[in-house]
Amino acid sequence: MEAKSRTVRARHHRLRCVVLASLLVLGSSGTHAQEVAPLNQVTVPDVNMLGLLDGTGNGAWLQVTEPERKEALQALGKALFWDMQVGGDGVTACATCHYHAGADHRRNNQLSPGFKGGDFVLDLLAVNQALTSPHYDGANDVGTMVGFPVNESHLLALGWSVDAPDGTPGRGPKGNPNQDINDVASSQGVRAGTFAGLSGGRVDYALLADTDEGFDALFTALGPGIPATARRVEPRNAPTVINAIYNLRNFWDGRADTFFNGVSPLGFRDPDARVKIYVDGQIKDEKLLIPFSSLASQAVGPPLSDFEMQFANRKFAHIGRKLAGLVPLADQMVACNDSLLGALSDCSGTGRGLTVTYGGLIRDIFDERFWGDGIGADVCLAVDDTQNPPVSQVACTDPRTDFTLLEYNFALFFGLAVQAYEATLFTENTIVDLLAGGVATGSVTSGAGRRAVTIDVTGMPLETCVDLLAGNNNAAAVDNAEQICTAHYAKFIHPGAVTGAESGNTEFPVPSGTAIGGCMDPLTCAESPNEAVAINALLSIERGAGRFFAGATACAVCHFNPEFTGATVSALTGFGAAPVPPLQPGQLRKEALEVPMERMIAFNGQAHVYDAGFYNIGVRPSVEDLSLGDAVNGVPLSFARLREAILLLQSGQNLPDNLDETAISKIAEVIAAGELLIPTSPTDLTPRVFDLALACGPGLVGNGNAQEQRNGDPNNNPNTNQCIPDVIPGEKILMNGAFKTPGLRNVKFTGPYFHNGAKKNLRQVLETYKTAGHFPTINFNNLDAGMRIFDLGPTDEASVIEMMETGLTDWRVAHDSGKFDHPELCIPHGHDPDTGQTLLVSIPAVGQGGHGDRLQTFEEQLEDIPGAHSLLEPCSMPDIADLAGRSLIDIPLQPVAVE
């Protein structure tokens, strides 16, 4: 006990000194983990639970669902998310790419060429081969192992140009694969093909591609068997869906808009999107712009993607027709104690599928104007895309053109339901939350008799517990208080927690993989069963948080607030933001933007406008993937570029050739009419206008010696005193190669990392940042201002990694327990090399109790280290796969004509 007290006292002295050093703190983040507010202080922006859909929140919002159907909508969404029947191949579900801590850690047939930049040749591996750990042992220019090999010096020597001052990306020839690789580790989807009709079963008819040109030339026949092509692989790594509800926009490039239009991912940027309703005997268009619904916008994208889940030219109405006639999760096991689906599971029968239908759930949940005639009967639409469809009260007769209203509006139901489920997947029970006051409860006592001091620690950060319990703050009191408080908080660490890969290299070392979990019931147990090592783990995580938020690393310039990203609803609108902790003397932090755009001094020292939360960090040259700098249907993905285009039109100027004047004019009308509305606050859901505004905040502010503005600092606002609160046409916009900042919670299990999946562990991620990215010269004029060269030394770097790996893990995710349980899933993991059949591996069903083994990390998958989701168990779903896991439902070679 005495040795532990000395450790705690030494830690307290060292960290108090670090706190007073020159530190950059962004948003509500601080130098200690507890100065980041706990996640449970951020309001989950879930329109379902807020009551914006069913009219219980505020009557000003358009009612979409029936009252008090919140949990039913979540259950519907969970079924749709995990259902393999959604995919045109009868295999691919939304969860296929998001089964593992909300992400994907497969390694067979997971490589895609850099075709976003025009490259159709794989360098690292051929199609259908397996990634291994040595594939990630490539080095950067200075010889540090960073994952796939990267070498800017090599590209420059080949003649690469650098990004122009206006952001136009530099270009050059492809590098030597031994020195630089632009391949992407991502997720396999469906085979290339064209939709040829519904079969009445789980597999759609399709005409499969057979080509030796372009991208699909990579995926030609693997052998003499079926079918003609292997499964395509996406051009970007799949981000986790866990905690994604907090994001203002989703997808790496932000195209999943915060306003859900009920039809497509683009939200208000798809100005002609309309759902159909049946009112007063007539079919009418209804325009929806449901706020804080980026996950609904995201959900309706993959089901129509011929890379991800479907064959080309299939409509969402086809998905509606297919699923309405099938048992949800048919052939998939569902645990009887599943947190959302248990009551609907077939526990008295086979245990497979649910006992309800999708059509029945939709009719029960959604307002009837979206699916029926007002008395419970279907409405048939004879669909003609060129005009408003006529309505018929008779049965649909032509399957090629006739759909029921329920089928036609299926994207609306699908998007809102999947979003309602995913909105439950937030992780507020981490060690960082524990240190911040969001987990521990109960009371602690110091002293005895009349001098006893007892405090209730509920909602209290660890450091506050120490300060209050210490009382007079002398050394002995502080030492005793820290021992008591830290031991109490250690009891609340999740029982399944273990230390990370570099925990043994921290200042308070604990061997990697050591159990540090606390009590099953912290309020009744005397002490944590792992108290000594748990306290050291807490100290290392606290130390790592301090270095993470320090100006030397500037990690918190992008990864701030309890969500550990600035691309969120709370950061960009102010809705539901956690209270900002007091700013301590000598510290600096950046004021919250609460608007989606900012003008700032960029990495190159020039003023630029950019979309807050989206940054170019030099992972690859900008030209290889424009991301936010791209446009869809002639509409920019960048808010800043869109705002500039609107201003150009208003002044009578021409738009660039890649932009659509008509579409942008319609979008300008929507904005000008004040149609983009968000709720005012969690306690006042009155609509207020969401403005595409630009921040002219005060830049960095502080107390004491840090009060003065730091002119010239790369993160300082350049026009504080003479604010220009709008984009200036022609000014520089940071957008090319900019990607949404991902949150870092549960990052231990969400590898491979970055949008290109080129890193196998968090050490390689940190090494990327230490050199200001891999391409600071080529990307110079697009690079984020927060990038900088740093070297914390091995001890503090290990602490930063331990904070991310262990401190930000919610161990319920690691064990698929509680709300993170799920049905059975069989996922494609490459092809049989002799027959070309898909190899399906099993992710078994799990109920609320979770499983004993924790999830594998991606690196453990590469190295065949056992863990949950090891991807070694063949699929055992009846009639889906044989005993070796070979798919029995691969797409027929010849499509069957629709009759």
# chains A, B, ... in the order shown; residues from 1 in each chain; ligands from 1
$ residues_around --residues "Asp346 in chain A" --least-positions-apart "6" --cutoff "8 Å" --atoms "only C-alpha atoms" --output "ChimeraX atom specification"
/A:334,336,352-355
$ write_last_selection --atoms "N, CA and C atoms" --output "PDB file, in the first residue's frame"
ATOM      1  N   VAL A 334     -31.741 -15.590 -33.730  1.00  0.00           N
ATOM      2  CA  VAL A 334     -31.944 -14.391 -32.924  1.00  0.00           C
ATOM      3  C   VAL A 334     -32.064 -14.835 -31.472  1.00  0.00           C
ATOM      4  N   CYS A 336     -33.026 -15.225 -27.683  1.00  0.00           N
ATOM      5  CA  CYS A 336     -34.288 -14.964 -27.002  1.00  0.00           C
ATOM      6  C   CYS A 336     -34.192 -13.753 -26.077  1.00  0.00           C
ATOM      7  N   ARG A 352     -34.943 -19.063 -35.392  1.00  0.00           N
ATOM      8  CA  ARG A 352     -34.484 -18.303 -36.554  1.00  0.00           C
ATOM      9  C   ARG A 352     -35.575 -17.344 -37.029  1.00  0.00           C
ATOM     10  N   GLY A 353     -35.178 -16.112 -37.285  1.00  0.00           N
ATOM     11  CA  GLY A 353     -36.119 -15.129 -37.786  1.00  0.00           C
ATOM     12  C   GLY A 353     -37.040 -14.600 -36.700  1.00  0.00           C
ATOM     13  N   LEU A 354     -37.938 -13.712 -37.120  1.00  0.00           N
ATOM     14  CA  LEU A 354     -38.893 -13.097 -36.217  1.00  0.00           C
ATOM     15  C   LEU A 354     -40.295 -13.626 -36.480  1.00  0.00           C
ATOM     16  N   THR A 355     -41.200 -13.298 -35.592  1.00  0.00           N
ATOM     17  CA  THR A 355     -42.578 -13.778 -35.709  1.00  0.00           C
ATOM     18  C   THR A 355     -43.505 -12.712 -36.271  1.00  0.00           C
TER      19      THR A 355
END
$ select_by_dssp --residues "range 561-797 of chain A" --states "alpha helix (DSSP H)" --output "MDAnalysis selection string"
chainID A and resid 569:573 639:650 661:672 762:770 794:797
$ residues_around --residues "Ala490 in chain A" --least-positions-apart "5" --cutoff "10 Å" --atoms "only C-alpha atoms" --output "PyMOL selection string"
chain A and resi 431+434-435+440+485+516-519+522+527-538
$ write_last_selection --atoms "C-alpha atoms" --output "PDB file, in the first residue's frame"
ATOM      1  CA  ILE A 431     -12.474   4.845 -18.483  1.00  0.00           C
ATOM      2  CA  LEU A 434     -15.055   7.396 -15.524  1.00  0.00           C
ATOM      3  CA  LEU A 435     -12.264   9.904 -14.960  1.00  0.00           C
ATOM      4  CA  ALA A 440     -18.677   6.445 -10.638  1.00  0.00           C
ATOM      5  CA  CYS A 485     -10.629   8.340  -4.598  1.00  0.00           C
ATOM      6  CA  ILE A 516      -7.853  -4.218 -14.787  1.00  0.00           C
ATOM      7  CA  GLY A 517     -11.593  -4.667 -14.431  1.00  0.00           C
ATOM      8  CA  GLY A 518     -13.461  -3.639 -11.324  1.00  0.00           C
ATOM      9  CA  CYS A 519     -16.419  -5.098  -9.477  1.00  0.00           C
ATOM     10  CA  PRO A 522     -19.067  -1.532  -7.342  1.00  0.00           C
ATOM     11  CA  GLU A 527     -12.298  -3.049  -3.472  1.00  0.00           C
ATOM     12  CA  SER A 528     -11.511  -3.792  -7.090  1.00  0.00           C
ATOM     13  CA  PRO A 529     -10.153  -7.311  -7.604  1.00  0.00           C
ATOM     14  CA  ASN A 530      -7.405  -5.698  -9.695  1.00  0.00           C
ATOM     15  CA  GLU A 531      -6.920  -2.541  -7.647  1.00  0.00           C
ATOM     16  CA  ALA A 532      -3.146  -2.080  -7.900  1.00  0.00           C
ATOM     17  CA  VAL A 533      -2.873  -2.478 -11.667  1.00  0.00           C
ATOM     18  CA  ALA A 534      -6.171  -0.660 -12.191  1.00  0.00           C
ATOM     19  CA  ILE A 535      -4.830   2.427 -10.434  1.00  0.00           C
ATOM     20  CA  ASN A 536      -1.722   2.439 -12.604  1.00  0.00           C
ATOM     21  CA  ALA A 537      -3.904   2.075 -15.690  1.00  0.00           C
ATOM     22  CA  LEU A 538      -5.967   5.073 -14.588  1.00  0.00           C
TER      23      LEU A 538
END
$ closest_atom_pairs --of "range 341-436 of chain A" --to "range 726-747 of chain A" --cutoff "10 Å" --atoms "only C-alpha atoms" --output "tab-separated table"
residue	atom	partner	partner_atom	distance
A:Phe426	CA	A:Arg745	CA	9.3
A:Thr427	CA	A:Arg745	CA	7.4
A:Glu428	CA	A:Arg745	CA	9.3
A:Thr430	CA	A:Arg745	CA	8.4
A:Val432	CA	A:Arg745	CA	9.7
$ write_last_selection --atoms "C-alpha atoms" --output "PDB file, in the first residue's frame"
ATOM      1  CA  PHE A 426     -23.427   5.223 -28.146  1.00  0.00           C
ATOM      2  CA  THR A 427     -20.653   4.383 -25.693  1.00  0.00           C
ATOM      3  CA  GLU A 428     -20.778   6.430 -22.522  1.00  0.00           C
ATOM      4  CA  THR A 430     -15.376   4.189 -20.836  1.00  0.00           C
ATOM      5  CA  VAL A 432     -12.201   8.363 -19.900  1.00  0.00           C
TER       6      VAL A 432
END
$ closest_residue --among "A:Asn151, A:Gln419, A:Gln298, A:Ser187" --to "Arg620 in chain A" --atoms "only C-alpha atoms"
A:Asn151
$ residues_around --residues "range 839-841 of chain A" --least-positions-apart "6" --cutoff "8 Å" --atoms "only C-alpha atoms" --output "short mmCIF file (atom, residue, chain, number, x, y, z; two decimals) with C-alpha atoms, in the first residue's frame"
data_model
loop_
_atom_site.label_atom_id
_atom_site.label_comp_id
_atom_site.auth_asym_id
_atom_site.auth_seq_id
_atom_site.Cartn_x
_atom_site.Cartn_y
_atom_site.Cartn_z
CA CYS A 826 -22.86 -14.91 -42.23
CA ILE A 827 -20.41 -12.65 -44.02
CA PRO A 828 -18.45 -13.09 -47.27
CA HIS A 829 -14.74 -13.63 -46.69
CA GLY A 830 -13.34 -14.20 -50.14
CA HIS A 831 -14.01 -16.98 -52.63
CA ASP A 832 -13.29 -20.65 -53.05
CA LEU A 871 -13.79 -15.43 -38.80
CA LEU A 872 -12.83 -19.11 -38.64
CA GLU A 873 -16.26 -20.69 -38.15
CA PRO A 874 -18.04 -21.57 -41.43
CA CYS A 875 -21.56 -20.32 -41.91
CA ALA A 881 -23.84 -22.58 -47.13
CA GLY A 885 -18.97 -22.44 -45.69
CA ARG A 886 -19.26 -22.30 -49.50
CA SER A 887 -22.30 -20.28 -50.50
#
$ closest_residue --among "A:Gly51, A:Ala330, A:Lys70, A:Asp402" --to "Met877 in chain A" --atoms "only C-alpha atoms"
A:Ala330
$ closest_residue --among "A:Asp630, A:Glu502, A:Asp104, A:Glu675" --to "Leu289 in chain A" --atoms "only C-alpha atoms"
A:Glu675
$ residues_around --residues "Ala423 in chain A" --least-positions-apart "2" --cutoff "12 Å" --atoms "only C-alpha atoms" --output "MDAnalysis selection string"
chainID A and resid 43:50 70:71 73:75 77:78 241:247 292:296 415:421 425:427 819:820
$ closest_residue --among "A:Lys748, A:Ala157, A:Asp378, A:Ala695" --to "Met600 in chain A" --atoms "only C-alpha atoms"
A:Ala695
$ closest_residue --among "A:Gly566, A:Gly544, A:Pro794, A:Gly167" --to "Gly807 in chain A" --atoms "only C-alpha atoms"
A:Gly544
$ select_by_dssp --residues "range 339-583 of chain A" --states "strand (DSSP E or B)" --output "VMD selection string"
chain A and resid 345 352 354 366 372 378 380 to 382 391 to 392 402 to 404 443 to 446 453 to 456 498 515 568
$ closest_residue --among "A:Phe195, A:Ala884, A:Gln848, A:Gly117" --to "Ala335 in chain A" --atoms "only C-alpha atoms"
A:Gln848
$ residues_around --residues "Val327 in chain A" --least-positions-apart "5" --cutoff "12 Å" --atoms "only C-alpha atoms" --output "ChimeraX atom specification"
/A:79-80,83-86,201-202,322,332,344-346,352-361
$ write_last_selection --atoms "C-alpha atoms" --output "PDB file, in the first residue's frame"
ATOM      1  CA  ALA A  79     -33.824  -6.193 -37.948  1.00  0.00           C
ATOM      2  CA  LEU A  80     -33.222  -4.291 -41.195  1.00  0.00           C
ATOM      3  CA  ASP A  83     -30.906  -8.818 -42.255  1.00  0.00           C
ATOM      4  CA  MET A  84     -28.929 -10.560 -45.003  1.00  0.00           C
ATOM      5  CA  GLN A  85     -31.998 -10.527 -47.263  1.00  0.00           C
ATOM      6  CA  VAL A  86     -31.641  -6.790 -47.868  1.00  0.00           C
ATOM      7  CA  GLY A 201     -36.985 -15.351 -52.568  1.00  0.00           C
ATOM      8  CA  ARG A 202     -33.911 -13.940 -50.908  1.00  0.00           C
ATOM      9  CA  LYS A 322     -38.983  -8.093 -51.638  1.00  0.00           C
ATOM     10  CA  GLN A 332     -30.691 -16.135 -38.984  1.00  0.00           C
ATOM     11  CA  LEU A 344     -40.146 -10.736 -31.511  1.00  0.00           C
ATOM     12  CA  SER A 345     -37.877 -13.767 -31.926  1.00  0.00           C
ATOM     13  CA  ASP A 346     -39.123 -17.268 -32.687  1.00  0.00           C
ATOM     14  CA  ARG A 352     -34.484 -18.303 -36.554  1.00  0.00           C
ATOM     15  CA  GLY A 353     -36.119 -15.129 -37.786  1.00  0.00           C
ATOM     16  CA  LEU A 354     -38.893 -13.097 -36.217  1.00  0.00           C
ATOM     17  CA  THR A 355     -42.578 -13.778 -35.709  1.00  0.00           C
ATOM     18  CA  VAL A 356     -43.722 -10.555 -37.383  1.00  0.00           C
ATOM     19  CA  THR A 357     -43.458  -9.179 -40.907  1.00  0.00           C
ATOM     20  CA  TYR A 358     -41.766  -6.034 -42.139  1.00  0.00           C
ATOM     21  CA  GLY A 359     -45.038  -4.865 -43.626  1.00  0.00           C
ATOM     22  CA  GLY A 360     -46.827  -5.353 -40.321  1.00  0.00           C
ATOM     23  CA  LEU A 361     -44.179  -3.415 -38.397  1.00  0.00           C
TER      24      LEU A 361
END
$ atom_distance --atom1 "CA of Tyr278 in chain A" --atom2 "CA of Phe316 in chain A"
18.8 Å
$ atom_distance --atom1 "CA of Ile880 in chain A" --atom2 "CA of Ser339 in chain A"
26.0 Å
$ residues_around --residues "Asp433 in chain A" --least-positions-apart "4" --cutoff "9 Å" --atoms "only C-alpha atoms" --output "PyMOL selection string"
chain A and resi 33-34+36-40+428-429+437-439+461+562+807-808
$ closest_atom_pairs --of "range 497-559 of chain A" --to "range 759-774 of chain A" --cutoff "12 Å" --atoms "only C-alpha atoms" --output "JSON lines"
{"residue": "A:Gly500", "atom": "CA", "partner": "A:Leu762", "partner_atom": "CA", "distance": 10.3}
{"residue": "A:Ala501", "atom": "CA", "partner": "A:Arg763", "partner_atom": "CA", "distance": 9.1}
{"residue": "A:Glu502", "atom": "CA", "partner": "A:Arg763", "partner_atom": "CA", "distance": 8.7}
{"residue": "A:Phe548", "atom": "CA", "partner": "A:Leu766", "partner_atom": "CA", "distance": 10.7}
{"residue": "A:Ala552", "atom": "CA", "partner": "A:Lys770", "partner_atom": "CA", "distance": 10.1}
{"residue": "A:Thr553", "atom": "CA", "partner": "A:Lys770", "partner_atom": "CA", "distance": 8.0}
{"residue": "A:Ala554", "atom": "CA", "partner": "A:Tyr769", "partner_atom": "CA", "distance": 9.8}
{"residue": "A:Cys555", "atom": "CA", "partner": "A:Tyr769", "partner_atom": "CA", "distance": 8.8}
